[in-house]
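Visitor: What follows is target-v3.cif; its format and atoms are mmCIF, C-alpha atoms and all ligand atoms.
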data_model
loop_
_atom_site.group_PDB
_atom_site.id
_atom_site.type_symbol
_atom_site.label_atom_id
_atom_site.label_comp_id
_atom_site.auth_asym_id
_atom_site.auth_seq_id
_atom_site.Cartn_x
_atom_site.Cartn_y
_atom_site.Cartn_z
ATOM 1 C CA MET A 181 -40.870 -14.227 -30.403
ATOM 2 C CA LYS A 182 -40.107 -14.636 -26.725
ATOM 3 C CA LEU A 183 -39.943 -11.871 -24.148
ATOM 4 C CA LEU A 184 -36.682 -11.126 -22.374
ATOM 5 C CA ASP A 185 -38.512 -10.687 -19.101
ATOM 6 C CA GLY A 186 -36.447 -8.509 -16.783
ATOM 7 C CA LYS A 187 -39.196 -8.153 -14.216
ATOM 8 C CA THR A 188 -39.364 -11.879 -13.487
ATOM 9 C CA LEU A 189 -35.595 -12.398 -13.499
ATOM 10 C CA ALA A 190 -35.056 -9.345 -11.279
ATOM 11 C CA ALA A 191 -37.600 -10.672 -8.767
ATOM 12 C CA LYS A 192 -35.854 -14.055 -8.711
ATOM 13 C CA LEU A 193 -32.392 -12.547 -8.249
ATOM 14 C CA ARG A 194 -33.628 -10.172 -5.532
ATOM 15 C CA ALA A 195 -35.236 -13.063 -3.644
ATOM 16 C CA GLU A 196 -31.902 -14.905 -3.794
ATOM 17 C CA LEU A 197 -30.061 -11.826 -2.508
ATOM 18 C CA LYS A 198 -32.587 -11.417 0.315
ATOM 19 C CA GLY A 199 -31.915 -14.987 1.417
ATOM 20 C CA LYS A 200 -28.139 -14.428 1.376
ATOM 21 C CA ILE A 201 -28.435 -11.148 3.295
ATOM 22 C CA GLU A 202 -30.557 -12.822 6.005
ATOM 23 C CA THR A 203 -27.769 -15.237 6.808
ATOM 24 C CA ALA A 204 -24.779 -12.949 6.108
ATOM 25 C CA ASN A 205 -22.314 -11.845 8.794
ATOM 26 C CA LYS A 206 -22.562 -8.311 7.507
ATOM 27 C CA ILE A 207 -25.698 -6.491 6.310
ATOM 28 C CA PRO A 208 -24.624 -4.488 3.235
ATOM 29 C CA GLY A 209 -25.131 -0.715 3.368
ATOM 30 C CA LEU A 210 -25.607 1.630 0.420
ATOM 31 C CA ALA A 211 -25.205 5.403 0.707
ATOM 32 C CA VAL A 212 -27.152 7.405 -1.844
ATOM 33 C CA VAL A 213 -26.270 11.052 -2.390
ATOM 34 C CA ILE A 214 -28.522 13.369 -4.366
ATOM 35 C CA VAL A 215 -28.010 17.075 -4.991
ATOM 36 C CA GLY A 216 -30.877 19.404 -5.952
ATOM 37 C CA GLU A 217 -34.514 18.874 -6.800
ATOM 38 C CA ASP A 218 -34.620 17.133 -10.193
ATOM 39 C CA PRO A 219 -37.942 15.198 -10.083
ATOM 40 C CA ALA A 220 -36.723 12.265 -12.227
ATOM 41 C CA SER A 221 -33.595 11.846 -10.081
ATOM 42 C CA LYS A 222 -35.732 11.929 -6.937
ATOM 43 C CA ILE A 223 -37.913 9.102 -8.275
ATOM 44 C CA TYR A 224 -34.827 7.030 -9.198
ATOM 45 C CA VAL A 225 -33.400 7.534 -5.699
ATOM 46 C CA ARG A 226 -36.704 6.609 -4.056
ATOM 47 C CA ASN A 227 -36.865 3.392 -6.109
ATOM 48 C CA LYS A 228 -33.308 2.451 -5.137
ATOM 49 C CA ILE A 229 -33.980 3.003 -1.430
ATOM 50 C CA LYS A 230 -37.168 0.949 -1.648
ATOM 51 C CA ALA A 231 -35.306 -1.874 -3.395
ATOM 52 C CA CYS A 232 -32.636 -1.868 -0.659
ATOM 53 C CA ALA A 233 -35.289 -2.184 2.043
ATOM 54 C CA GLU A 234 -37.048 -5.010 0.199
ATOM 55 C CA VAL A 235 -33.935 -7.196 0.227
ATOM 56 C CA GLY A 236 -33.045 -6.273 3.811
ATOM 57 C CA MET A 237 -30.117 -4.024 2.937
ATOM 58 C CA LYS A 238 -29.311 -0.809 4.816
ATOM 59 C CA SER A 239 -29.440 2.498 3.003
ATOM 60 C CA PHE A 240 -28.283 5.957 4.012
ATOM 61 C CA VAL A 241 -29.759 8.841 2.071
ATOM 62 C CA TYR A 242 -28.169 12.282 1.797
ATOM 63 C CA GLU A 243 -30.380 14.854 0.107
ATOM 64 C CA LEU A 244 -28.301 17.981 -0.394
ATOM 65 C CA PRO A 245 -29.741 21.325 -1.502
ATOM 66 C CA GLN A 246 -28.590 22.777 -4.794
ATOM 67 C CA SER A 247 -26.881 25.531 -2.765
ATOM 68 C CA VAL A 248 -24.335 23.058 -1.361
ATOM 69 C CA SER A 249 -20.784 23.764 -2.513
ATOM 70 C CA GLN A 250 -18.616 21.363 -4.507
ATOM 71 C CA ALA A 251 -16.229 21.233 -1.524
ATOM 72 C CA GLU A 252 -19.036 20.306 0.906
ATOM 73 C CA LEU A 253 -20.270 17.577 -1.449
ATOM 74 C CA GLU A 254 -16.760 16.172 -1.743
ATOM 75 C CA ARG A 255 -16.271 16.307 2.032
ATOM 76 C CA LEU A 256 -19.406 14.194 2.456
ATOM 77 C CA LEU A 257 -18.148 11.696 -0.128
ATOM 78 C CA ASP A 258 -14.798 11.510 1.702
ATOM 79 C CA THR A 259 -16.621 10.795 4.978
ATOM 80 C CA LEU A 260 -18.690 8.053 3.355
ATOM 81 C CA ALA A 261 -15.563 6.606 1.736
ATOM 82 C CA ALA A 262 -14.041 6.181 5.203
ATOM 83 C CA ASP A 263 -17.222 4.883 6.893
ATOM 84 C CA GLU A 264 -17.152 1.119 7.504
ATOM 85 C CA LYS A 265 -20.962 0.875 7.617
ATOM 86 C CA VAL A 266 -21.074 2.125 4.033
ATOM 87 C CA ASP A 267 -20.174 -0.563 1.485
ATOM 88 C CA GLY A 268 -21.395 1.190 -1.652
ATOM 89 C CA ILE A 269 -21.705 4.876 -2.572
ATOM 90 C CA LEU A 270 -24.027 6.075 -5.278
ATOM 91 C CA LEU A 271 -23.882 9.678 -6.409
ATOM 92 C CA GLN A 272 -27.069 10.320 -8.367
ATOM 93 C CA LEU A 273 -26.212 11.820 -11.763
ATOM 94 C CA PRO A 274 -26.577 14.197 -13.466
ATOM 95 C CA LEU A 275 -25.522 16.775 -10.868
ATOM 96 C CA PRO A 276 -27.112 20.227 -11.212
ATOM 97 C CA LYS A 277 -25.354 22.763 -13.457
ATOM 98 C CA GLY A 278 -22.176 24.218 -11.989
ATOM 99 C CA PHE A 279 -21.003 21.010 -10.279
ATOM 100 C CA ASP A 280 -17.965 19.086 -11.448
ATOM 101 C CA ALA A 281 -19.264 15.515 -11.599
ATOM 102 C CA GLU A 282 -15.907 14.046 -12.570
ATOM 103 C CA SER A 283 -14.165 15.609 -9.575
ATOM 104 C CA ALA A 284 -16.971 14.464 -7.226
ATOM 105 C CA MET A 285 -16.891 10.926 -8.666
ATOM 106 C CA SER A 286 -13.141 10.761 -8.083
ATOM 107 C CA ARG A 287 -13.804 10.914 -4.314
ATOM 108 C CA ILE A 288 -15.607 7.554 -4.416
ATOM 109 C CA PRO A 289 -13.072 4.731 -4.032
ATOM 110 C CA ALA A 290 -13.328 2.047 -6.730
ATOM 111 C CA SER A 291 -14.069 -0.529 -4.009
ATOM 112 C CA LYS A 292 -17.291 1.372 -3.123
ATOM 113 C CA ASP A 293 -18.214 2.514 -6.651
ATOM 114 C CA VAL A 294 -21.127 0.093 -7.033
ATOM 115 C CA ASP A 295 -22.433 2.022 -10.060
ATOM 116 C CA GLY A 296 -19.212 1.186 -11.913
ATOM 117 C CA PHE A 297 -18.865 4.738 -13.270
ATOM 118 C CA SER A 298 -15.450 5.613 -11.836
ATOM 119 C CA ALA A 299 -12.436 5.931 -14.126
ATOM 120 C CA GLU A 300 -10.768 3.015 -12.305
ATOM 121 C CA ASN A 301 -13.717 0.659 -12.729
ATOM 122 C CA LEU A 302 -14.156 1.671 -16.380
ATOM 123 C CA GLY A 303 -10.446 1.024 -16.891
ATOM 124 C CA LYS A 304 -10.781 -2.417 -15.316
ATOM 125 C CA LEU A 305 -13.579 -3.167 -17.763
ATOM 126 C CA VAL A 306 -11.309 -2.201 -20.664
ATOM 127 C CA LEU A 307 -8.666 -4.571 -19.292
ATOM 128 C CA HIS A 308 -11.268 -7.345 -18.932
ATOM 129 C CA GLU A 309 -10.726 -7.341 -15.168
ATOM 130 C CA GLU A 310 -14.174 -5.981 -14.408
ATOM 131 C CA ARG A 311 -15.400 -5.960 -10.840
ATOM 132 C CA PHE A 312 -18.204 -3.403 -10.770
ATOM 133 C CA ALA A 313 -19.393 -2.837 -14.322
ATOM 134 C CA ALA A 314 -22.133 -0.270 -14.924
ATOM 135 C CA CYS A 315 -25.464 -1.628 -13.691
ATOM 136 C CA THR A 316 -27.600 -1.300 -16.836
ATOM 137 C CA PRO A 317 -25.193 -3.124 -19.178
ATOM 138 C CA SER A 318 -24.369 -5.783 -16.601
ATOM 139 C CA GLY A 319 -28.099 -6.310 -16.032
ATOM 140 C CA ILE A 320 -28.465 -6.854 -19.785
ATOM 141 C CA MET A 321 -25.642 -9.423 -19.696
ATOM 142 C CA LYS A 322 -27.497 -11.287 -16.919
ATOM 143 C CA LEU A 323 -30.709 -11.249 -18.975
ATOM 144 C CA LEU A 324 -28.906 -12.702 -22.002
ATOM 145 C CA GLU A 325 -27.085 -15.266 -19.853
ATOM 146 C CA ASN A 326 -30.359 -16.331 -18.235
ATOM 147 C CA GLU A 327 -31.778 -17.115 -21.691
ATOM 148 C CA GLY A 328 -28.663 -19.092 -22.588
ATOM 149 C CA VAL A 329 -27.779 -16.710 -25.429
ATOM 150 C CA GLU A 330 -24.421 -17.672 -26.975
ATOM 151 C CA LEU A 331 -22.422 -14.470 -27.559
ATOM 152 C CA LYS A 332 -19.193 -15.856 -28.942
ATOM 153 C CA GLY A 333 -18.696 -14.768 -32.563
ATOM 154 C CA LYS A 334 -22.112 -13.072 -32.765
ATOM 155 C CA ARG A 335 -22.566 -9.698 -34.437
ATOM 156 C CA ALA A 336 -23.626 -7.226 -31.751
ATOM 157 C CA VAL A 337 -24.665 -3.695 -32.656
ATOM 158 C CA ILE A 338 -25.123 -1.037 -29.994
ATOM 159 C CA VAL A 339 -26.909 2.176 -30.833
ATOM 160 C CA GLY A 340 -25.815 4.910 -28.394
ATOM 161 C CA ARG A 341 -22.360 5.544 -26.921
ATOM 162 C CA SER A 342 -23.020 7.032 -23.474
ATOM 163 C CA ASP A 343 -20.407 6.432 -20.774
ATOM 164 C CA THR A 344 -23.060 4.807 -18.579
ATOM 165 C CA VAL A 345 -24.740 2.462 -21.078
ATOM 166 C CA GLY A 346 -23.434 2.268 -24.661
ATOM 167 C CA LYS A 347 -19.681 2.160 -24.016
ATOM 168 C CA PRO A 348 -19.653 -0.284 -21.074
ATOM 169 C CA MET A 349 -22.177 -2.450 -22.970
ATOM 170 C CA ALA A 350 -19.794 -2.600 -25.928
ATOM 171 C CA LEU A 351 -16.920 -3.654 -23.667
ATOM 172 C CA LEU A 352 -18.930 -6.339 -21.866
ATOM 173 C CA LEU A 353 -20.049 -7.842 -25.185
ATOM 174 C CA LEU A 354 -16.525 -7.613 -26.595
ATOM 175 C CA ASN A 355 -15.165 -9.320 -23.455
ATOM 176 C CA ALA A 356 -17.735 -12.062 -24.108
ATOM 177 C CA ASP A 357 -16.258 -12.555 -27.616
ATOM 178 C CA ALA A 358 -19.011 -10.898 -29.625
ATOM 179 C CA THR A 359 -18.036 -8.820 -32.659
ATOM 180 C CA VAL A 360 -19.168 -5.366 -31.667
ATOM 181 C CA THR A 361 -20.142 -2.247 -33.605
ATOM 182 C CA VAL A 362 -21.082 0.955 -31.766
ATOM 183 C CA CYS A 363 -23.324 3.483 -33.525
ATOM 184 C CA HIS A 364 -24.176 7.068 -32.579
ATOM 185 C CA SER A 365 -25.758 10.194 -33.973
ATOM 186 C CA LYS A 366 -23.046 10.665 -36.623
ATOM 187 C CA THR A 367 -23.193 7.063 -37.891
ATOM 188 C CA ARG A 368 -23.917 6.766 -41.593
ATOM 189 C CA ASP A 369 -26.453 4.248 -42.873
ATOM 190 C CA LEU A 370 -27.600 3.146 -39.434
ATOM 191 C CA GLN A 371 -30.308 0.977 -40.962
ATOM 192 C CA SER A 372 -27.958 -1.387 -42.788
ATOM 193 C CA ILE A 373 -25.638 -1.710 -39.768
ATOM 194 C CA CYS A 374 -28.566 -2.524 -37.473
ATOM 195 C CA ARG A 375 -29.833 -5.082 -39.969
ATOM 196 C CA GLU A 376 -26.599 -7.049 -39.592
ATOM 197 C CA ALA A 377 -27.060 -7.428 -35.850
ATOM 198 C CA ASP A 378 -27.650 -10.804 -34.230
ATOM 199 C CA ILE A 379 -27.933 -8.827 -31.004
ATOM 200 C CA LEU A 380 -29.165 -5.237 -31.180
ATOM 201 C CA VAL A 381 -28.928 -3.054 -28.058
ATOM 202 C CA VAL A 382 -30.525 0.369 -28.298
ATOM 203 C CA ALA A 383 -29.865 3.206 -25.829
ATOM 204 C CA ILE A 384 -30.556 6.571 -27.423
ATOM 205 C CA GLY A 385 -33.593 8.061 -25.679
ATOM 206 C CA LYS A 386 -35.809 8.470 -28.778
ATOM 207 C CA PRO A 387 -39.299 6.951 -28.626
ATOM 208 C CA LYS A 388 -39.856 4.035 -31.060
ATOM 209 C CA PHE A 389 -36.850 5.086 -33.169
ATOM 210 C CA ILE A 390 -35.858 1.550 -34.209
ATOM 211 C CA THR A 391 -38.398 0.319 -36.721
ATOM 212 C CA GLU A 392 -39.042 -3.144 -38.096
ATOM 213 C CA ASP A 393 -37.068 -2.449 -41.315
ATOM 214 C CA MET A 394 -33.908 -1.881 -39.223
ATOM 215 C CA VAL A 395 -33.982 -5.346 -37.659
ATOM 216 C CA LYS A 396 -32.859 -8.710 -39.033
ATOM 217 C CA GLU A 397 -35.267 -11.640 -38.884
ATOM 218 C CA GLY A 398 -34.596 -13.618 -35.680
ATOM 219 C CA ALA A 399 -32.461 -10.902 -34.013
ATOM 220 C CA ILE A 400 -32.273 -10.454 -30.247
ATOM 221 C CA VAL A 401 -33.381 -6.916 -29.413
ATOM 222 C CA VAL A 402 -32.608 -5.159 -26.132
ATOM 223 C CA ASP A 403 -34.316 -1.826 -25.586
ATOM 224 C CA VAL A 404 -32.774 0.402 -22.917
ATOM 225 C CA GLY A 405 -34.786 3.521 -23.751
ATOM 226 C CA MET A 406 -37.248 5.023 -21.289
ATOM 227 C CA ASN A 407 -39.440 7.562 -23.018
ATOM 228 C CA ARG A 408 -43.013 8.817 -23.150
ATOM 229 C CA ASP A 409 -44.900 8.393 -26.417
ATOM 230 C CA GLU A 410 -47.331 10.931 -27.901
ATOM 231 C CA ASN A 411 -50.015 9.756 -25.444
ATOM 232 C CA GLY A 412 -47.733 10.042 -22.428
ATOM 233 C CA LYS A 413 -47.344 6.249 -22.197
ATOM 234 C CA LEU A 414 -43.981 4.788 -21.203
ATOM 235 C CA CYS A 415 -42.152 3.363 -24.232
ATOM 236 C CA GLY A 416 -38.669 2.371 -25.337
ATOM 237 C CA ASP A 417 -36.417 3.340 -28.233
ATOM 238 C CA VAL A 418 -37.758 0.380 -30.240
ATOM 239 C CA ASP A 419 -41.133 0.186 -31.971
ATOM 240 C CA PHE A 420 -42.062 -2.887 -29.946
ATOM 241 C CA GLU A 421 -45.340 -3.750 -31.714
ATOM 242 C CA GLU A 422 -43.696 -4.062 -35.135
ATOM 243 C CA VAL A 423 -40.208 -5.250 -34.161
ATOM 244 C CA GLN A 424 -41.473 -8.104 -31.970
ATOM 245 C CA LYS A 425 -42.815 -9.779 -35.134
ATOM 246 C CA LYS A 426 -39.228 -10.209 -36.362
ATOM 247 C CA ALA A 427 -37.204 -10.607 -33.161
ATOM 248 C CA SER A 428 -36.515 -13.993 -31.587
ATOM 249 C CA LEU A 429 -36.098 -12.378 -28.153
ATOM 250 C CA ILE A 430 -37.036 -8.834 -27.159
ATOM 251 C CA THR A 431 -37.222 -6.792 -23.958
ATOM 252 C CA PRO A 432 -40.496 -5.023 -23.190
ATOM 253 C CA VAL A 433 -40.580 -1.452 -21.844
ATOM 254 C CA PRO A 434 -41.391 -1.322 -19.002
ATOM 255 C CA GLY A 435 -40.419 -4.679 -17.493
ATOM 256 C CA GLY A 436 -37.243 -5.408 -19.455
ATOM 257 C CA VAL A 437 -33.952 -3.689 -18.731
ATOM 258 C CA GLY A 438 -35.167 -1.272 -16.020
ATOM 259 C CA PRO A 439 -35.752 -3.781 -13.169
ATOM 260 C CA MET A 440 -32.377 -5.404 -13.896
ATOM 261 C CA THR A 441 -30.503 -2.117 -13.437
ATOM 262 C CA ILE A 442 -31.481 -1.703 -9.778
ATOM 263 C CA THR A 443 -30.960 -5.423 -9.169
ATOM 264 C CA MET A 444 -27.346 -5.114 -10.299
ATOM 265 C CA LEU A 445 -26.869 -2.162 -7.952
ATOM 266 C CA LEU A 446 -28.021 -4.347 -5.043
ATOM 267 C CA TYR A 447 -25.865 -7.188 -6.293
ATOM 268 C CA ASN A 448 -22.745 -4.984 -6.544
ATOM 269 C CA THR A 449 -23.342 -3.588 -3.045
ATOM 270 C CA CYS A 450 -23.434 -7.142 -1.665
ATOM 271 C CA LEU A 451 -20.187 -7.947 -3.506
ATOM 272 C CA ALA A 452 -18.607 -4.819 -2.001
ATOM 273 C CA ALA A 453 -19.803 -5.702 1.510
ATOM 274 C CA TRP A 454 -18.720 -9.305 1.414
ATOM 275 C CA LYS A 455 -15.550 -8.579 -0.612
ATOM 276 C CA GLU A 456 -16.517 -11.441 -2.907
HETATM 277 P P1 LIG B 1 -27.447 9.652 -23.632
HETATM 278 O O1 LIG B 1 -26.321 9.884 -22.690
HETATM 279 O O2 LIG B 1 -28.427 10.727 -23.897
HETATM 280 O O3 LIG B 1 -26.810 9.185 -25.026
HETATM 281 C C1 LIG B 1 -27.612 8.973 -26.135
HETATM 282 C C2 LIG B 1 -26.775 8.313 -27.208
HETATM 283 O O4 LIG B 1 -27.629 8.060 -28.319
HETATM 284 C C3 LIG B 1 -25.622 9.182 -27.718
HETATM 285 O O5 LIG B 1 -24.473 8.404 -27.870
HETATM 286 C C4 LIG B 1 -26.135 9.696 -29.066
HETATM 287 O O6 LIG B 1 -25.125 9.894 -30.014
HETATM 288 C C5 LIG B 1 -27.009 8.532 -29.505
HETATM 289 N N1 LIG B 1 -28.043 8.973 -30.445
HETATM 290 C C6 LIG B 1 -28.939 9.964 -30.282
HETATM 291 N N2 LIG B 1 -29.704 10.070 -31.377
HETATM 292 C C7 LIG B 1 -29.282 9.133 -32.235
HETATM 293 C C8 LIG B 1 -29.672 8.765 -33.552
HETATM 294 N N3 LIG B 1 -30.653 9.388 -34.200
HETATM 295 N N4 LIG B 1 -29.021 7.745 -34.150
HETATM 296 C C9 LIG B 1 -28.018 7.101 -33.521
HETATM 297 N N5 LIG B 1 -27.605 7.412 -32.276
HETATM 298 C C10 LIG B 1 -28.229 8.418 -31.640
HETATM 299 O O7 LIG B 1 -28.302 8.390 -23.262
HETATM 300 P P2 LIG B 1 -28.224 7.244 -22.136
HETATM 301 O O8 LIG B 1 -27.967 7.856 -20.821
HETATM 302 O O9 LIG B 1 -27.369 6.118 -22.605
HETATM 303 O O10 LIG B 1 -29.735 6.776 -22.176
HETATM 304 C C11 LIG B 1 -30.380 6.316 -23.349
HETATM 305 C C12 LIG B 1 -31.804 5.935 -23.026
HETATM 306 O O11 LIG B 1 -31.789 4.873 -22.074
HETATM 307 C C13 LIG B 1 -32.647 7.026 -22.363
HETATM 308 O O12 LIG B 1 -33.986 6.874 -22.789
HETATM 309 C C14 LIG B 1 -32.544 6.713 -20.879
HETATM 310 O O13 LIG B 1 -33.666 7.179 -20.151
HETATM 311 C C15 LIG B 1 -32.531 5.212 -20.914
HETATM 312 N N6 LIG B 1 -31.893 4.577 -19.763
HETATM 313 C C16 LIG B 1 -32.556 3.562 -19.170
HETATM 314 C C17 LIG B 1 -31.982 2.863 -18.126
HETATM 315 C C18 LIG B 1 -32.716 1.722 -17.525
HETATM 316 O O14 LIG B 1 -32.332 1.258 -16.476
HETATM 317 N N7 LIG B 1 -33.754 1.222 -18.177
HETATM 318 C C19 LIG B 1 -30.707 3.213 -17.670
HETATM 319 C C20 LIG B 1 -30.016 4.239 -18.315
HETATM 320 C C21 LIG B 1 -30.616 4.917 -19.382
HETATM 321 P P3 LIG B 1 -23.965 11.018 -29.843
HETATM 322 O O15 LIG B 1 -23.016 10.447 -28.842
HETATM 323 O O16 LIG B 1 -23.381 11.141 -31.193
HETATM 324 O O17 LIG B 1 -24.655 12.252 -29.351
#
Show the structure stored in the file as structure tokens.

Guide:
Amino acid sequence: MKLLDGKTLAAKLRAELKGKIETANKIPGLAVVIVGEDPASKIYVRNKIKACAEVGMKSFVYELPQSVSQAELERLLDTLAADEKVDGILLQLPLPKGFDAESAMSRIPASKDVDGFSAENLGKLVLHEERFAACTPSGIMKLLENEGVELKGKRAVIVGRSDTVGKPMALLLLNADATVTVCHSKTRDLQSICREADILVVAIGKPKFITEDMVKEGAIVVDVGMNRDENGKLCGDVDFEEVQKKASLITPVPGGVGPMTITMLLYNTCLAAWKE
């Protein structure tokens, strides 16, 4: 077994970005908009701002109270869309109850949608013309690429079909010529489907759900989950201790997929700024 070490790769890629930003004609700027007081969302936003500063990128934070109206939120997004200093716009999801996330997202132009969540960017991914693909799945693609994993013709199984992880992951793997199966909560006989996977990507949000008997010998296992176990310790959706005995490559949690997600956000913001 070898670790798919996202922490080390993320640090390397961020150092490269920092070097490019130092000599760039334009310092990229990311606007982050958060509505309400959700503690987890606040931590995510803080981490993104910190990561921007570390690579020398500008960030503009807009913390809006839950009492803000949909129209006011959309007016802010329109202003940011027109602002030349702002290359990327990130609207932290989920929005509090009562907000229309889809309508708010539609105010972010595809050229500044560095999260890759807009309908236009998702459509481009379907057409295999991806520019900004969702950060978590594209971070996973970078991890696999860095290890020299051949995807062509491989059986890839994805457990979870969220719009932000499972579905874009399936499209990226399909575009890379893998044979892809997507599983979800209504899937029958999940165990035997998972056991066929050369590459198993799990994004369901259930601690240690994928057990050793669901994994083929030598499989590559990517664990997107971020959960707390019964002792309050951070853990993934995969029972790492047992599954690592069978996997040829496996991501740890923490230190696997997570650091790559923010790295891809920085990366996409640079692409947006430099129109690369
Ligand atoms: P989500 O929107 O909650 O979707 C969960 C998916 O898992 C759904 O498609 C659901 O199926 C499926 N599912 C739930 N229980 C299942 C079961 N028993 N068997 C098979 N499928 C099942 O989740 P998400 O936003 O993709 O996030 C998943 C996990 O990844 C969470 O732990 C989240 O915190 C983590 N995450 C981590 C990062 C990172 O950067 N590391 C980024 C994003 C998310 P249905 O569609 O049928 O309901």

Visitor: Ranking A:Asp343, A:Glu392, A:Glu252, A:Glu422 by minimum distance to ligand LIG 1 (chain B) and counting all atoms listed in the file, which one comes first?

Guide: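 Smallest distance to ligand LIG 1 (chain B) is found for A:Asp343.
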
Visitor: Around ligand LIG 1 (chain B), out to 8 Å and counting only C-alpha atoms and all ligand atoms, which residues are there? I want them as an MDAnalysis selection string.

Guide: chainID A and resid 315:316 339:346 363:367 370 382:387 389 403:407 416:417 436:442

Visitor: Could you write out that same residue set with C-alpha atoms as a PDB file, in the frame of the given file?

Guide:
ATOM      1  CA  CYS A 315     -25.464  -1.628 -13.691  1.00  0.00           C
ATOM      2  CA  THR A 316     -27.600  -1.300 -16.836  1.00  0.00           C
ATOM      3  CA  VAL A 339     -26.909   2.176 -30.833  1.00  0.00           C
ATOM      4  CA  GLY A 340     -25.815   4.910 -28.394  1.00  0.00           C
ATOM      5  CA  ARG A 341     -22.360   5.544 -26.921  1.00  0.00           C
ATOM      6  CA  SER A 342     -23.020   7.032 -23.474  1.00  0.00           C
ATOM      7  CA  ASP A 343     -20.407   6.432 -20.774  1.00  0.00           C
ATOM      8  CA  THR A 344     -23.060   4.807 -18.579  1.00  0.00           C
ATOM      9  CA  VAL A 345     -24.740   2.462 -21.078  1.00  0.00           C
ATOM     10  CA  GLY A 346     -23.434   2.268 -24.661  1.00  0.00           C
ATOM     11  CA  CYS A 363     -23.324   3.483 -33.525  1.00  0.00           C
ATOM     12  CA  HIS A 364     -24.176   7.068 -32.579  1.00  0.00           C
ATOM     13  CA  SER A 365     -25.758  10.194 -33.973  1.00  0.00           C
ATOM     14  CA  LYS A 366     -23.046  10.665 -36.623  1.00  0.00           C
ATOM     15  CA  THR A 367     -23.193   7.063 -37.891  1.00  0.00           C
ATOM     16  CA  LEU A 370     -27.600   3.146 -39.434  1.00  0.00           C
ATOM     17  CA  VAL A 382     -30.525   0.369 -28.298  1.00  0.00           C
ATOM     18  CA  ALA A 383     -29.865   3.206 -25.829  1.00  0.00           C
ATOM     19  CA  ILE A 384     -30.556   6.571 -27.423  1.00  0.00           C
ATOM     20  CA  GLY A 385     -33.593   8.061 -25.679  1.00  0.00           C
ATOM     21  CA  LYS A 386     -35.809   8.470 -28.778  1.00  0.00           C
ATOM     22  CA  PRO A 387     -39.299   6.951 -28.626  1.00  0.00           C
ATOM     23  CA  PHE A 389     -36.850   5.086 -33.169  1.00  0.00           C
ATOM     24  CA  ASP A 403     -34.316  -1.826 -25.586  1.00  0.00           C
ATOM     25  CA  VAL A 404     -32.774   0.402 -22.917  1.00  0.00           C
ATOM     26  CA  GLY A 405     -34.786   3.521 -23.751  1.00  0.00           C
ATOM     27  CA  MET A 406     -37.248   5.023 -21.289  1.00  0.00           C
ATOM     28  CA  ASN A 407     -39.440   7.562 -23.018  1.00  0.00           C
ATOM     29  CA  GLY A 416     -38.669   2.371 -25.337  1.00  0.00           C
ATOM     30  CA  ASP A 417     -36.417   3.340 -28.233  1.00  0.00           C
ATOM     31  CA  GLY A 436     -37.243  -5.408 -19.455  1.00  0.00           C
ATOM     32  CA  VAL A 437     -33.952  -3.689 -18.731  1.00  0.00           C
ATOM     33  CA  GLY A 438     -35.167  -1.272 -16.020  1.00  0.00           C
ATOM     34  CA  PRO A 439     -35.752  -3.781 -13.169  1.00  0.00           C
ATOM     35  CA  MET A 440     -32.377  -5.404 -13.896  1.00  0.00           C
ATOM     36  CA  THR A 441     -30.503  -2.117 -13.437  1.00  0.00           C
ATOM     37  CA  ILE A 442     -31.481  -1.703  -9.778  1.00  0.00           C
TER      38      ILE A 442
END

Visitor: Within 9 Å of (-31.6, 0.6, -41.4) in the file's own coordinates, which protein, DNA or RNA residues have an atom, counting all atoms listed in the file? List them as a list in words.

Guide: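 Residues satisfying the cut-off, written out: Asp369, Leu370, Gln371, Ser372, Ile373, Cys374, Arg375, Ile390, Thr391, Glu392, Asp393, Met394 and Val395 of chain A.
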
Visitor: Give me the result of the PyMOL selection byres (((chain A and resi 188) around 12) and not hetatm) on this file, residue by residue, as a list of chain:residue names.

Guide: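 Checked against the file, the PyMOL selection byres (((chain A and resi 188) around 12) and not hetatm) matches A:Leu183, A:Leu184, A:Asp185, A:Gly186, A:Lys187, A:Leu189, A:Ala190, A:Ala191, A:Lys192, A:Leu193, A:Arg194, A:Ala195, A:Leu323, A:Asn326, A:Thr431, A:Pro432, A:Gly435, A:Gly436, A:Val437, A:Gly438, A:Pro439, A:Met440, A:Thr443.
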
Visitor: Please provide as a PyMOL selection string all residues within 12 Å of Asp263 of chain A, with the sequence filter that same-chain residues fewer than 3 positions apart are discarded (counting all atoms listed in the file).

Guide: chain A and resi 209-211+240+256-260+266-269+288-289+292

Visitor: Quick one: apply the PyMOL selection byres (((chain A and resi 231-235) around 9) and not hetatm) to the file and drop the selected residues here as a PyMOL selection string.

Guide: chain A and resi 194-199+201-202+209-210+226-230+236-239+442-443+446

Visitor: Smallest atom-to-atom distance to Met444 of chain A: which of A:Val401, A:Met321, A:Ile430, A:Leu354, using all atoms listed in the file?

Guide: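 Of all the options, A:Met321 lies closest to Met444 of chain A.
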
Visitor: Using atom CA of Asp357 of chain A and atom CA of Gly333 of chain A as the two end points, give the distance in Å to one decimal.

Guide: 5.9 Å

Visitor: Would you mind reading off the distance between atom CA of Val337 of chain A and atom CA of Glu282 of chain A, one decimal, in Å?

Guide: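 According to the coordinates, atom CA of Val337 of chain A and atom CA of Glu282 of chain A are separated by 28.2 Å.
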
Visitor: What's around Val360 of chain A at 8 Å? Count all atoms listed in the file, leave out sequence neighbours fewer than 5 positions away in its own chain, and write the answer as a ChimeraX atom specification.

Guide: /A:335-338,350,353-354

Visitor: Go ahead and dump the residues you just picked, C-alpha atoms, as a CSV table (one decimal), in the coordinates of the input.

Guide:
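See out-v8.csv below for the written result:
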chain,number,residue,atom,x,y,z
A,335,ARG,CA,-22.6,-9.7,-34.4
A,336,ALA,CA,-23.6,-7.2,-31.8
A,337,VAL,CA,-24.7,-3.7,-32.7
A,338,ILE,CA,-25.1,-1.0,-30.0
A,350,ALA,CA,-19.8,-2.6,-25.9
A,353,LEU,CA,-20.0,-7.8,-25.2
A,354,LEU,CA,-16.5,-7.6,-26.6
